[in-house]
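**Student:** The following block contains the structure, expressed as C-alpha coordinates.
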Amino acid sequence: MTIQELKDKGLLLLECVSGSRAYGLATAQSDTDIRGVYYWPKEKFYGLDYIDQVSNSTNDEVYYELGKFMALLLKNNPNILELLAAPDNCVLYRHPLMQQLSPDLFLSALCKETFGNYALTQIKKARGLNKKMMRPVEKERKGVLDFCYVMQGQDAIALPAWLIAQGWQQERCGLAAMSHAKGLYALYYDVDNTLKYRGIVSSELANEVCLSSIPKGEKIVAYLHCNIDGYSMYCKEYREYWEWMEKRNEDRYQSNQAHGGEYDAKNMMHTIRLLQVAEEIARTGTLVVKRPNREELLAIKSGAYSYEQLLQMAEDLQEKLVIAYRDTALQQTPDKDKIENILVAMRDKLYS
(Lines give C-alpha, C1' and ligand atoms only; values in the text may rest on other atoms or scores of the structure.)
Protein backbone atom coordinates (compact mmCIF):
# COMPACT_ATOMS: atom_id res chain seq x y z
CA MET A 1 0.00 0.00 0.00
CA THR A 2 1.25 3.48 -0.85
CA ILE A 3 1.04 6.65 1.23
CA GLN A 4 -1.55 8.08 -1.12
CA GLU A 5 -3.66 4.94 -0.74
CA LEU A 6 -3.53 5.32 3.04
CA LYS A 7 -4.90 8.83 2.66
CA ASP A 8 -7.51 7.88 0.08
CA LYS A 9 -8.84 5.11 2.33
CA GLY A 10 -9.07 7.46 5.33
CA LEU A 11 -6.52 5.53 7.39
CA LEU A 12 -4.40 8.52 8.36
CA LEU A 13 -4.17 9.45 12.05
CA LEU A 14 -1.30 11.95 12.14
CA GLU A 15 0.86 13.74 9.61
CA CYS A 16 3.63 16.19 10.46
CA VAL A 17 6.56 18.03 8.96
CA SER A 18 9.63 16.74 10.79
CA GLY A 19 13.40 17.12 10.80
CA SER A 20 15.13 20.47 10.34
CA ARG A 21 11.89 22.34 9.59
CA ALA A 22 10.32 21.14 12.84
CA TYR A 23 13.52 21.97 14.76
CA GLY A 24 13.50 25.51 13.35
CA LEU A 25 16.86 24.79 11.72
CA ALA A 26 15.85 24.74 8.06
CA THR A 27 17.92 26.61 5.50
CA ALA A 28 17.35 27.21 1.79
CA GLN A 29 18.97 23.85 1.03
CA SER A 30 16.89 21.82 3.51
CA ASP A 31 14.63 19.03 2.35
CA THR A 32 11.10 18.61 3.68
CA ASP A 33 10.65 15.43 5.70
CA ILE A 34 7.18 14.13 6.48
CA ARG A 35 6.32 11.59 9.17
CA GLY A 36 2.93 10.17 9.99
CA VAL A 37 0.80 7.55 11.69
CA TYR A 38 -1.93 5.37 10.20
CA TYR A 39 -4.06 2.45 11.33
CA TRP A 40 -4.35 -0.81 9.42
CA PRO A 41 -7.87 -1.92 8.39
CA LYS A 42 -9.44 -4.43 10.79
CA GLU A 43 -9.57 -7.34 8.35
CA LYS A 44 -5.90 -6.85 7.43
CA PHE A 45 -4.80 -6.22 11.00
CA TYR A 46 -6.24 -9.57 12.11
CA GLY A 47 -5.19 -11.27 8.88
CA LEU A 48 -1.84 -12.04 7.31
CA ASP A 49 -1.23 -8.74 5.52
CA TYR A 50 -0.16 -6.54 8.42
CA ILE A 51 2.25 -3.77 7.37
CA ASP A 52 3.79 -1.70 10.16
CA GLN A 53 5.51 0.98 8.05
CA VAL A 54 5.01 2.66 4.68
CA SER A 55 7.46 5.06 3.05
CA ASN A 56 8.27 6.65 -0.27
CA SER A 57 11.29 5.64 -2.36
CA THR A 58 13.63 8.22 -0.80
CA ASN A 59 12.44 7.76 2.81
CA ASP A 60 11.65 11.47 3.01
CA GLU A 61 8.10 10.43 3.89
CA VAL A 62 7.66 7.66 6.47
CA TYR A 63 4.40 6.56 8.10
CA TYR A 64 4.07 4.14 11.04
CA GLU A 65 1.15 1.87 11.85
CA LEU A 66 -0.47 2.81 15.17
CA GLY A 67 0.81 -0.30 16.98
CA LYS A 68 4.41 0.26 15.92
CA PHE A 69 4.10 3.96 16.71
CA MET A 70 2.98 3.18 20.28
CA ALA A 71 5.70 0.55 20.73
CA LEU A 72 8.38 3.05 19.71
CA LEU A 73 6.88 5.68 22.02
CA LEU A 74 7.11 3.17 24.88
CA LYS A 75 10.84 2.89 24.16
CA ASN A 76 11.17 6.71 24.14
CA ASN A 77 12.47 6.69 20.58
CA PRO A 78 13.62 10.31 19.93
CA ASN A 79 12.25 10.65 16.39
CA ILE A 80 8.85 9.28 17.41
CA LEU A 81 8.56 11.40 20.56
CA GLU A 82 9.40 14.45 18.45
CA LEU A 83 6.58 13.55 16.09
CA LEU A 84 4.10 13.42 18.98
CA ALA A 85 5.37 16.81 20.23
CA ALA A 86 5.61 18.51 16.84
CA PRO A 87 4.98 22.29 16.80
CA ASP A 88 1.42 23.22 15.81
CA ASN A 89 2.56 24.82 12.55
CA CYS A 90 4.16 21.51 11.55
CA VAL A 91 1.07 19.40 12.12
CA LEU A 92 -0.61 18.81 8.76
CA TYR A 93 -3.34 16.53 10.10
CA ARG A 94 -4.30 15.10 13.49
CA HIS A 95 -7.20 12.69 13.99
CA PRO A 96 -9.27 13.51 17.12
CA LEU A 97 -8.30 10.17 18.69
CA MET A 98 -4.64 11.24 18.68
CA GLN A 99 -5.46 13.89 21.31
CA GLN A 100 -5.32 11.05 23.84
CA LEU A 101 -1.57 10.67 23.24
CA SER A 102 0.36 13.43 24.98
CA PRO A 103 4.16 13.45 25.33
CA ASP A 104 4.04 13.42 29.16
CA LEU A 105 2.33 10.01 28.96
CA PHE A 106 5.55 8.59 27.52
CA LEU A 107 8.46 10.79 28.62
CA SER A 108 10.60 8.93 31.13
CA ALA A 109 14.13 8.42 32.40
CA LEU A 110 14.67 6.20 29.35
CA CYS A 111 15.37 9.43 27.45
CA LYS A 112 18.80 9.55 29.05
CA GLU A 113 19.74 6.45 27.10
CA THR A 114 17.68 6.91 23.94
CA PHE A 115 18.54 10.54 23.26
CA GLY A 116 22.04 10.15 24.69
CA ASN A 117 22.85 7.00 22.73
CA TYR A 118 21.43 8.52 19.57
CA ALA A 119 23.72 11.48 20.13
CA LEU A 120 26.68 9.11 20.52
CA THR A 121 25.86 7.51 17.16
CA GLN A 122 26.03 10.99 15.61
CA ILE A 123 29.48 11.51 17.18
CA LYS A 124 30.61 8.17 15.73
CA LYS A 125 29.31 9.21 12.31
CA ALA A 126 31.15 12.51 12.55
CA ARG A 127 34.33 10.75 13.65
CA GLY A 128 33.95 8.28 10.81
CA LEU A 129 33.74 11.09 8.28
CA ASN A 130 36.62 12.87 10.01
CA LYS A 131 38.74 9.75 9.54
CA LYS A 132 37.76 9.40 5.88
CA MET A 133 38.45 13.08 5.14
CA MET A 134 41.76 13.09 6.99
CA ARG A 135 42.93 9.76 5.57
CA PRO A 136 41.78 9.40 1.96
CA VAL A 137 42.51 6.02 0.37
CA GLU A 138 44.23 5.98 -3.01
CA LYS A 139 42.08 4.66 -5.84
CA GLU A 140 44.82 2.26 -7.00
CA ARG A 141 44.36 -0.76 -4.78
CA LYS A 142 47.33 -2.26 -2.97
CA GLY A 143 48.01 -5.97 -3.18
CA VAL A 144 49.42 -8.61 -0.85
CA LEU A 145 52.97 -7.90 -2.11
CA ASP A 146 52.73 -4.39 -0.61
CA PHE A 147 52.38 -5.98 2.82
CA CYS A 148 55.39 -8.28 2.46
CA TYR A 149 58.85 -7.48 3.85
CA VAL A 150 62.24 -9.16 3.57
CA MET A 151 64.31 -9.45 6.74
CA GLN A 152 67.83 -8.01 6.49
CA GLY A 153 69.58 -7.98 9.83
CA GLN A 154 67.52 -5.74 12.09
CA ASP A 155 65.74 -4.11 9.18
CA ALA A 156 62.69 -5.05 7.12
CA ILE A 157 62.81 -4.10 3.44
CA ALA A 158 59.62 -3.72 1.42
CA LEU A 159 59.43 -6.74 -0.90
CA PRO A 160 58.79 -4.83 -4.17
CA ALA A 161 61.87 -2.64 -3.57
CA TRP A 162 63.95 -5.67 -2.55
CA LEU A 163 63.00 -7.59 -5.72
CA ILE A 164 63.95 -4.62 -7.89
CA ALA A 165 67.31 -4.33 -6.12
CA GLN A 166 67.97 -8.04 -6.76
CA GLY A 167 66.73 -7.88 -10.33
CA TRP A 168 64.35 -10.73 -9.54
CA GLN A 169 60.73 -11.53 -10.41
CA GLN A 170 58.17 -12.54 -7.81
CA GLU A 171 56.89 -15.26 -10.15
CA ARG A 172 60.20 -17.17 -9.79
CA CYS A 173 60.13 -17.09 -6.01
CA GLY A 174 59.15 -20.02 -3.84
CA LEU A 175 57.89 -19.78 -0.25
CA ALA A 176 57.92 -22.35 2.54
CA ALA A 177 56.13 -21.61 5.84
CA MET A 178 58.24 -21.42 8.98
CA SER A 179 56.90 -23.51 11.84
CA HIS A 180 55.63 -21.70 14.97
CA ALA A 181 56.05 -18.29 13.26
CA LYS A 182 52.84 -16.82 11.84
CA GLY A 183 53.39 -14.90 8.63
CA LEU A 184 57.08 -15.82 8.35
CA TYR A 185 58.39 -17.72 5.31
CA ALA A 186 61.65 -19.03 3.92
CA LEU A 187 62.14 -17.53 0.45
CA TYR A 188 63.83 -19.36 -2.42
CA TYR A 189 64.60 -18.18 -5.95
CA ASP A 190 64.63 -20.18 -9.17
CA VAL A 191 67.23 -18.40 -11.30
CA ASP A 192 66.83 -20.70 -14.31
CA ASN A 193 63.06 -21.02 -14.00
CA THR A 194 63.32 -24.80 -13.99
CA LEU A 195 61.84 -25.57 -10.57
CA LYS A 196 58.48 -24.04 -11.43
CA TYR A 197 57.88 -22.30 -8.14
CA ARG A 198 54.38 -20.82 -7.73
CA GLY A 199 55.61 -17.33 -7.02
CA ILE A 200 54.77 -15.23 -3.95
CA VAL A 201 51.24 -14.48 -5.16
CA SER A 202 49.26 -16.15 -7.93
CA SER A 203 47.90 -12.85 -9.28
CA GLU A 204 47.50 -9.15 -8.45
CA LEU A 205 44.08 -9.92 -6.95
CA ALA A 206 45.34 -12.68 -4.64
CA ASN A 207 44.39 -12.41 -0.95
CA GLU A 208 47.21 -14.56 0.37
CA VAL A 209 50.72 -15.72 -0.50
CA CYS A 210 51.46 -18.99 -2.31
CA LEU A 211 53.45 -21.89 -0.93
CA SER A 212 55.69 -23.93 -3.24
CA SER A 213 57.13 -27.41 -3.14
CA ILE A 214 60.84 -26.87 -2.43
CA PRO A 215 63.35 -29.59 -3.48
CA LYS A 216 65.79 -30.78 -0.85
CA GLY A 217 69.08 -28.94 -0.75
CA GLU A 218 67.75 -25.65 -2.18
CA LYS A 219 69.31 -22.58 -0.58
CA ILE A 220 67.24 -20.11 1.40
CA VAL A 221 67.94 -16.65 -0.03
CA ALA A 222 65.94 -14.62 2.50
CA TYR A 223 63.22 -14.67 5.10
CA LEU A 224 59.94 -12.97 4.24
CA HIS A 225 57.22 -11.69 6.56
CA CYS A 226 53.68 -11.13 5.25
CA ASN A 227 51.48 -8.85 7.36
CA ILE A 228 48.23 -10.52 6.30
CA ASP A 229 46.25 -8.92 9.16
CA GLY A 230 47.38 -5.49 8.00
CA TYR A 231 46.35 -6.37 4.46
CA SER A 232 42.89 -7.51 5.62
CA MET A 233 42.40 -4.27 7.55
CA TYR A 234 43.50 -2.26 4.52
CA CYS A 235 41.00 -4.11 2.30
CA LYS A 236 38.18 -3.28 4.74
CA GLU A 237 39.15 0.40 4.86
CA TYR A 238 39.53 0.52 1.08
CA ARG A 239 36.08 -0.97 0.52
CA GLU A 240 34.40 1.29 3.11
CA TYR A 241 36.11 4.42 1.82
CA TRP A 242 35.20 3.93 -1.84
CA GLU A 243 31.66 2.83 -1.00
CA TRP A 244 31.37 6.05 0.99
CA MET A 245 32.81 8.05 -1.91
CA GLU A 246 30.23 6.51 -4.24
CA LYS A 247 27.24 7.09 -1.95
CA ARG A 248 28.16 10.32 -0.16
CA ASN A 249 25.99 13.42 -0.39
CA GLU A 250 28.23 15.59 -2.55
CA ASP A 251 26.70 18.92 -1.48
CA ARG A 252 27.08 18.00 2.18
CA TYR A 253 30.63 16.78 1.61
CA GLN A 254 31.64 19.99 -0.17
CA SER A 255 30.05 21.99 2.64
CA ASN A 256 32.15 20.10 5.19
CA GLN A 257 35.25 20.66 3.05
CA ALA A 258 34.46 24.36 2.75
CA HIS A 259 34.32 24.99 6.49
CA GLY A 260 37.73 23.39 6.84
CA GLY A 261 36.88 21.47 10.01
CA GLU A 262 37.12 18.14 8.22
CA TYR A 263 34.25 16.58 10.16
CA ASP A 264 30.54 16.13 9.47
CA ALA A 265 29.19 19.38 10.86
CA LYS A 266 25.55 18.41 10.43
CA ASN A 267 25.98 15.28 12.53
CA MET A 268 27.73 17.27 15.24
CA MET A 269 24.91 19.85 15.22
CA HIS A 270 22.40 17.07 15.86
CA THR A 271 24.64 15.61 18.56
CA ILE A 272 24.54 18.86 20.52
CA ARG A 273 20.81 19.30 19.87
CA LEU A 274 19.97 15.82 21.13
CA LEU A 275 22.04 16.19 24.28
CA GLN A 276 20.49 19.58 25.03
CA VAL A 277 16.98 18.21 24.51
CA ALA A 278 17.69 15.19 26.73
CA GLU A 279 18.85 17.46 29.56
CA GLU A 280 15.78 19.69 29.18
CA ILE A 281 13.43 16.69 29.35
CA ALA A 282 14.96 15.57 32.64
CA ARG A 283 14.90 19.07 34.11
CA THR A 284 11.51 20.31 32.89
CA GLY A 285 9.56 17.15 32.03
CA THR A 286 8.70 18.56 28.60
CA LEU A 287 9.94 18.03 25.05
CA VAL A 288 10.47 21.19 23.02
CA VAL A 289 11.05 20.21 19.40
CA LYS A 290 11.62 23.69 17.93
CA ARG A 291 14.97 24.79 19.28
CA PRO A 292 15.39 28.21 20.90
CA ASN A 293 19.14 28.32 20.07
CA ARG A 294 18.87 28.25 16.27
CA GLU A 295 21.88 30.57 15.78
CA GLU A 296 24.19 28.43 17.91
CA LEU A 297 23.16 25.19 16.22
CA LEU A 298 23.44 26.61 12.71
CA ALA A 299 26.85 28.01 13.63
CA ILE A 300 27.90 24.45 14.48
CA LYS A 301 26.50 23.25 11.16
CA SER A 302 28.44 25.96 9.30
CA GLY A 303 31.73 24.86 10.89
CA ALA A 304 32.20 27.81 13.25
CA TYR A 305 33.54 25.47 15.96
CA SER A 306 36.55 23.19 15.81
CA TYR A 307 36.07 19.45 16.03
CA GLU A 308 37.81 19.43 19.43
CA GLN A 309 35.56 22.22 20.74
CA LEU A 310 32.46 20.28 19.76
CA LEU A 311 33.69 17.06 21.36
CA GLN A 312 34.34 19.00 24.56
CA MET A 313 30.87 20.58 24.36
CA ALA A 314 29.35 17.12 23.97
CA GLU A 315 31.32 15.76 26.93
CA ASP A 316 30.17 18.68 29.11
CA LEU A 317 26.54 18.07 28.13
CA GLN A 318 26.87 14.38 28.90
CA GLU A 319 28.08 15.26 32.41
CA LYS A 320 25.07 17.56 32.87
CA LEU A 321 22.88 14.72 31.65
CA VAL A 322 24.07 12.41 34.42
CA ILE A 323 23.20 14.98 37.09
CA ALA A 324 19.86 15.91 35.51
CA TYR A 325 18.64 12.30 35.38
CA ARG A 326 19.91 11.56 38.84
CA ASP A 327 17.60 14.28 40.20
CA THR A 328 14.73 14.02 37.70
CA ALA A 329 11.07 13.72 38.66
CA LEU A 330 10.34 11.78 35.45
CA GLN A 331 8.80 8.33 35.66
CA GLN A 332 11.42 5.64 35.28
CA THR A 333 9.58 4.00 32.38
CA PRO A 334 6.21 4.63 30.71
CA ASP A 335 3.19 2.81 32.18
CA LYS A 336 2.89 -0.02 29.68
CA ASP A 337 -0.48 -1.33 30.95
CA LYS A 338 -2.08 2.11 30.80
CA ILE A 339 -0.74 2.76 27.29
CA GLU A 340 -1.81 -0.67 26.09
CA ASN A 341 -5.34 0.00 27.34
CA ILE A 342 -5.37 3.30 25.45
CA LEU A 343 -4.21 1.53 22.29
CA VAL A 344 -6.92 -1.13 22.58
CA ALA A 345 -9.58 1.53 23.17
CA MET A 346 -8.39 3.49 20.15
CA ARG A 347 -8.57 0.41 17.91
CA ASP A 348 -12.06 -0.40 19.24
CA LYS A 349 -13.27 3.06 18.18
CA LEU A 350 -11.50 2.91 14.83
CA TYR A 351 -12.93 -0.54 14.06
CA SER A 352 -16.46 0.11 15.34
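Starting from 1 in every chain, residues are counted up; chains themselves are A, B, ... following the order of the C-alpha coordinates, and ligands are numbered from 1 as listed.
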Which polymer residues have any atom within 8 Å of an atom of Lys266 of chain A, counting only C-alpha atoms, with same-chain residues fewer than 4 positions away left out, as a PDB file with N, CA and C atoms, in the first residue's frame?
**Tutor:**
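Result written to around32.pdb:
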ATOM      1  N   HIS A 270      23.454  17.896  15.290  1.00  0.00           N
ATOM      2  CA  HIS A 270      22.395  17.071  15.860  1.00  0.00           C
ATOM      3  C   HIS A 270      22.848  16.414  17.166  1.00  0.00           C
ATOM      4  N   ILE A 300      27.216  25.748  14.448  1.00  0.00           N
ATOM      5  CA  ILE A 300      27.898  24.450  14.479  1.00  0.00           C
ATOM      6  C   ILE A 300      27.846  23.810  13.097  1.00  0.00           C
ATOM      7  N   LYS A 301      26.673  23.846  12.481  1.00  0.00           N
ATOM      8  CA  LYS A 301      26.505  23.251  11.158  1.00  0.00           C
ATOM      9  C   LYS A 301      27.389  23.929  10.111  1.00  0.00           C
TER      10      LYS A 301
END
**Student:** Out of segment 109-278 of chain A, which residues get strand (DSSP E) from DSSP, as JSON, numbers by chain?
**Tutor:** {"A": [148, 149, 150, 151, 152, 155, 156, 157, 158, 173, 174, 175, 176, 177, 184, 185, 186, 187, 188, 189, 222, 223, 224, 225, 226]}
**Student:** Name all residues at most 10 Å from Leu175 of chain A (count only C-alpha atoms; drop same-chain ones fewer than 4 positions away) and give them as a VMD selection string.
**Tutor:** chain A and resid 184 to 189 197 to 201 209 to 214 220 222 to 224
**Student:** Suppose you want the space between atom CA of Met233 of chain A and atom CA of Lys139 of chain A; what is it in Å?
**Tutor:**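 Taking atom CA of Met233 of chain A and atom CA of Lys139 of chain A, their separation equals 16.1 Å.
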**Student:** Just want the 9 Å neighbourhood of segment 35-49 of chain A, counted on only C-alpha atoms, with same-chain residues fewer than 3 positions away dropped. Output as a PyMOL selection string.
**Tutor:** chain A and resi 6-7+10-18+52-53+60-67+69+80+83+93+347+350-351
**Student:** The selected residues should be written to file as an mmCIF file, in the first residue's frame (atoms: N, CA, C and O atoms).
**Tutor:**
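And here's part.cif as it stands now:
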data_model
loop_
_atom_site.group_PDB
_atom_site.id
_atom_site.type_symbol
_atom_site.label_atom_id
_atom_site.label_comp_id
_atom_site.auth_asym_id
_atom_site.auth_seq_id
_atom_site.Cartn_x
_atom_site.Cartn_y
_atom_site.Cartn_z
ATOM 1 N N LEU A 6 -3.162 5.164 1.629
ATOM 2 C CA LEU A 6 -3.526 5.320 3.044
ATOM 3 C C LEU A 6 -4.450 6.522 3.226
ATOM 4 O O LEU A 6 -5.453 6.456 3.948
ATOM 5 N N LYS A 7 -4.099 7.617 2.551
ATOM 6 C CA LYS A 7 -4.902 8.834 2.658
ATOM 7 C C LYS A 7 -6.261 8.663 1.985
ATOM 8 O O LYS A 7 -7.294 9.068 2.532
ATOM 9 N N GLY A 10 -8.736 6.858 4.034
ATOM 10 C CA GLY A 10 -9.074 7.457 5.327
ATOM 11 C C GLY A 10 -8.411 6.791 6.509
ATOM 12 O O GLY A 10 -8.962 6.773 7.620
ATOM 13 N N LEU A 11 -7.228 6.256 6.322
ATOM 14 C CA LEU A 11 -6.523 5.533 7.387
ATOM 15 C C LEU A 11 -5.529 6.398 8.148
ATOM 16 O O LEU A 11 -4.888 5.931 9.091
ATOM 17 N N LEU A 12 -5.396 7.639 7.754
ATOM 18 C CA LEU A 12 -4.396 8.515 8.357
ATOM 19 C C LEU A 12 -4.850 8.986 9.740
ATOM 20 O O LEU A 12 -6.012 9.363 9.947
ATOM 21 N N LEU A 13 -3.898 8.977 10.692
ATOM 22 C CA LEU A 13 -4.171 9.454 12.050
ATOM 23 C C LEU A 13 -3.368 10.702 12.391
ATOM 24 O O LEU A 13 -3.821 11.544 13.171
ATOM 25 N N LEU A 14 -2.174 10.813 11.832
ATOM 26 C CA LEU A 14 -1.303 11.950 12.143
ATOM 27 C C LEU A 14 -0.341 12.159 10.985
ATOM 28 O O LEU A 14 0.162 11.189 10.414
ATOM 29 N N GLU A 15 -0.104 13.416 10.658
ATOM 30 C CA GLU A 15 0.859 13.740 9.607
ATOM 31 C C GLU A 15 1.546 15.046 9.983
ATOM 32 O O GLU A 15 0.875 16.044 10.260
ATOM 33 N N CYS A 16 2.880 15.023 10.014
ATOM 34 C CA CYS A 16 3.633 16.189 10.463
ATOM 35 C C CYS A 16 4.870 16.419 9.600
ATOM 36 O O CYS A 16 5.476 15.472 9.100
ATOM 37 N N VAL A 17 5.243 17.681 9.483
ATOM 38 C CA VAL A 17 6.560 18.029 8.956
ATOM 39 C C VAL A 17 7.556 17.763 10.073
ATOM 40 O O VAL A 17 7.333 18.146 11.231
ATOM 41 N N SER A 18 8.650 17.092 9.758
ATOM 42 C CA SER A 18 9.635 16.738 10.786
ATOM 43 C C SER A 18 11.028 17.204 10.365
ATOM 44 O O SER A 18 11.183 17.926 9.382
ATOM 45 N N ASP A 52 3.606 -2.645 9.052
ATOM 46 C CA ASP A 52 3.793 -1.705 10.161
ATOM 47 C C ASP A 52 4.461 -0.390 9.760
ATOM 48 O O ASP A 52 4.602 0.509 10.590
ATOM 49 N N GLN A 53 4.866 -0.262 8.480
ATOM 50 C CA GLN A 53 5.512 0.979 8.054
ATOM 51 C C GLN A 53 5.396 1.130 6.541
ATOM 52 O O GLN A 53 5.551 0.162 5.803
ATOM 53 N N ASP A 60 11.956 10.127 2.514
ATOM 54 C CA ASP A 60 11.649 11.471 3.006
ATOM 55 C C ASP A 60 10.282 11.490 3.683
ATOM 56 O O ASP A 60 9.996 12.376 4.487
ATOM 57 N N GLU A 61 9.443 10.532 3.321
ATOM 58 C CA GLU A 61 8.105 10.425 3.895
ATOM 59 C C GLU A 61 7.945 9.026 4.466
ATOM 60 O O GLU A 61 8.015 8.036 3.738
ATOM 61 N N VAL A 62 7.766 8.949 5.782
ATOM 62 C CA VAL A 62 7.661 7.664 6.474
ATOM 63 C C VAL A 62 6.435 7.701 7.392
ATOM 64 O O VAL A 62 6.266 8.652 8.165
ATOM 65 N N TYR A 63 5.615 6.651 7.296
ATOM 66 C CA TYR A 63 4.396 6.564 8.100
ATOM 67 C C TYR A 63 4.404 5.241 8.873
ATOM 68 O O TYR A 63 4.734 4.194 8.317
ATOM 69 N N TYR A 64 4.040 5.303 10.165
ATOM 70 C CA TYR A 64 4.071 4.138 11.039
ATOM 71 C C TYR A 64 2.650 3.705 11.389
ATOM 72 O O TYR A 64 1.776 4.539 11.669
ATOM 73 N N GLU A 65 2.434 2.389 11.401
ATOM 74 C CA GLU A 65 1.149 1.875 11.850
ATOM 75 C C GLU A 65 1.013 2.165 13.341
ATOM 76 O O GLU A 65 1.994 2.198 14.083
ATOM 77 N N LEU A 66 -0.205 2.384 13.796
ATOM 78 C CA LEU A 66 -0.468 2.811 15.168
ATOM 79 C C LEU A 66 0.227 1.930 16.204
ATOM 80 O O LEU A 66 0.808 2.439 17.169
ATOM 81 N N GLY A 67 0.184 0.604 16.016
ATOM 82 C CA GLY A 67 0.809 -0.298 16.979
ATOM 83 C C GLY A 67 2.317 -0.093 17.069
ATOM 84 O O GLY A 67 2.892 -0.047 18.159
ATOM 85 N N PHE A 69 3.918 2.616 16.176
ATOM 86 C CA PHE A 69 4.104 3.958 16.715
ATOM 87 C C PHE A 69 4.075 3.932 18.240
ATOM 88 O O PHE A 69 4.960 4.501 18.901
ATOM 89 N N ILE A 80 10.288 9.503 17.243
ATOM 90 C CA ILE A 80 8.854 9.285 17.406
ATOM 91 C C ILE A 80 8.274 10.216 18.465
ATOM 92 O O ILE A 80 7.180 10.763 18.305
ATOM 93 N N LEU A 83 7.769 13.512 16.936
ATOM 94 C CA LEU A 83 6.582 13.546 16.088
ATOM 95 C C LEU A 83 5.336 13.834 16.928
ATOM 96 O O LEU A 83 4.471 14.629 16.540
ATOM 97 N N TYR A 93 -2.053 17.172 9.809
ATOM 98 C CA TYR A 93 -3.337 16.528 10.103
ATOM 99 C C TYR A 93 -3.213 15.779 11.419
ATOM 100 O O TYR A 93 -2.194 15.135 11.687
ATOM 101 N N ARG A 347 -8.243 1.354 18.991
ATOM 102 C CA ARG A 347 -8.569 0.411 17.915
ATOM 103 C C ARG A 347 -10.068 0.068 17.943
ATOM 104 O O ARG A 347 -10.699 -0.063 16.889
ATOM 105 N N LEU A 350 -11.808 2.860 16.259
ATOM 106 C CA LEU A 350 -11.498 2.909 14.828
ATOM 107 C C LEU A 350 -12.189 1.780 14.064
ATOM 108 O O LEU A 350 -12.552 1.940 12.895
ATOM 109 N N TYR A 351 -12.355 0.624 14.726
ATOM 110 C CA TYR A 351 -12.931 -0.541 14.062
ATOM 111 C C TYR A 351 -14.440 -0.680 14.278
ATOM 112 O O TYR A 351 -15.061 -1.621 13.775
#
**Student:** Closest to Ser102 of chain A among A:Thr286, A:Thr32, A:Gln331, A:Ser20, using only C-alpha atoms?
**Tutor:**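 For Ser102 of chain A, the nearest of the given residues is A:Thr286.
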**Student:** Can you list, as a VMD selection string, every protein, DNA or RNA residue that comes within 12 Å of Tyr118 of chain A when you count only C-alpha atoms, leaving out same-chain residues fewer than 4 positions away?
**Tutor:** chain A and resid 76 to 79 111 to 114 122 to 125 267 to 268 270 to 275 277 to 278
**Student:** Grab the atom CA of Asp348 of chain A to atom CA of Cys90 of chain A distance for me, in Å with one decimal place.
**Tutor:**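 Between these atoms lies a distance of 28.3 Å.
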**Student:** So that I can check the surroundings of segment 287-296 of chain A, please list as a VMD selection string every protein, DNA and RNA residue that reaches within 6 Å of it, counting only C-alpha atoms and ignoring chain neighbours fewer than 6 positions away.
**Tutor:** chain A and resid 22 to 24 281
**Student:** For atom CA of Leu205 of chain A and atom CA of Glu140 of chain A, determine how far apart the two atoms are, in Å to one decimal place.
**Tutor:**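 Separation of atom CA of Leu205 of chain A and atom CA of Glu140 of chain A: 12.2 Å.
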**Student:** May I have all residues of segment 86-158 of chain A that DSSP, computed from the backbone, assigns to alpha helix (DSSP H), given as number ranges by chain?
**Tutor:** A: 111-134
**Student:** For Phe147 of chain A, work out the shell of residues within 7 Å, counting only C-alpha atoms and skipping chain neighbours fewer than 6 positions away, then give it as an NGL selection string.
**Tutor:** :A and (226-227 or 231)
**Student:** Write out, as a tab-separated table (two decimals), in the first residue's frame, the residues just selected, with N, CA and C atoms.
**Tutor:**
chain	number	residue	atom	x	y	z
A	226	CYS	N	54.89	-11.67	5.88
A	226	CYS	CA	53.68	-11.13	5.25
A	226	CYS	C	52.71	-10.68	6.35
A	227	ASN	N	52.41	-9.40	6.37
A	227	ASN	CA	51.48	-8.85	7.36
A	227	ASN	C	50.05	-9.01	6.83
A	231	TYR	N	46.95	-6.38	5.78
A	231	TYR	CA	46.35	-6.37	4.46
A	231	TYR	C	44.83	-6.49	4.55
